[in-house]
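**Student:** Below is the structure I would like to discuss, written out as structure tokens.
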Amino acid sequence: MLNEEKIRLMTGIAMFEKKEGKKIFPLNRYFERDYVSRHLIGAFFGYTVCCLLGAVLWILYHTEELLSSISVDMAVQLVRRFGLFYGIGLIIYLILVAYVSRKRYAYARGGMRVYLAKLKRLEKRYEHQNRVKEIAKEDTGHDGASGV
């Protein structure tokens, strides 16, 4: 006989896994600090590469102007300005990445709690059903007076 409540629970769990599983389950392998640090390191390298590519493109675009009027003082000033913009941009970007990573982790943590609660409820239904079956077997097996 099919138990409708168990079917509903199992369907809800399957739908939850399908919708949220890709977002939630990979985060379960990390502590929050590790997850955020991992994203900060990736963001640092990504931002650095993008800034270097942007600087190379800017230099290539302005090559004629730079070659005709470059001086040591001007080159030092350009490097300082680039370093300043790079540092400020990096700090802002890392703050944003840390904020977003923490929000994603908190969301996944809440989703994992919901998932585990559904699994526990399903497990209790199975335990209840097994207990009912065991009691039914004991009652129908034999009566104590006849010994059969």
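Each chain in the structure tokens gets a letter, A, B, ..., in the order shown, and its residues are numbered from 1; ligands are numbered from 1 in order too.
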Counting only C-alpha atoms, which residues of stretch 16-57 of chain A sit at most 12 Å from some atom of stretch 73-88 of chain A, and what is each one's closest atom pair with its distance in Å to one decimal, listed by chain and rising residue number, as a tab-separated table?
**Tutor:**
```
residue	atom	partner	partner_atom	distance
A:Phe44	CA	A:Gly87	CA	10.9
A:Tyr47	CA	A:Tyr86	CA	8.9
A:Thr48	CA	A:Tyr86	CA	8.1
A:Val49	CA	A:Tyr86	CA	11.1
A:Cys50	CA	A:Tyr86	CA	10.3
A:Cys51	CA	A:Tyr86	CA	7.1
A:Leu52	CA	A:Tyr86	CA	9.5
A:Gly54	CA	A:Phe82	CA	10.5
A:Ala55	CA	A:Phe82	CA	8.2
A:Val56	CA	A:Phe82	CA	11.6
```
**Student:** Rounded to one decimal in Å, what is the spacing between atom CA of A:Ala14 and atom CA of A:Arg131?
**Tutor:**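 Computing it gives 25.4 Å between the two atoms.
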**Student:** Please identify all polymer residues within 8 Å of stretch 118-129 of chain A, counting only C-alpha atoms, omitting same-chain residues fewer than 2 positions from it, and present them as an MDAnalysis selection string.
**Tutor:** chainID A and resid 6 9:10 13 114:116 131:133
**Student:** Would you mind telling me which residue in A:Leu40, A:Glu17, A:Thr11, A:Glu65 lies nearest to A:Leu96 when using only C-alpha atoms?
**Tutor:**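 With only C-alpha atoms as the atom set, the closest residue is A:Leu40.
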**Student:** In Å, how far is it from atom CA of A:Gly110 to atom CA of A:Ala98?
**Tutor:**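 Between atom CA of A:Gly110 and atom CA of A:Ala98 the gap works out to 18.4 Å.
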**Student:** Can you work out the spacing between atom CA of A:Ser101 and atom CA of A:Pro26 in Å, to one decimal?
**Tutor:**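 Between these atoms lies a distance of 13.3 Å.
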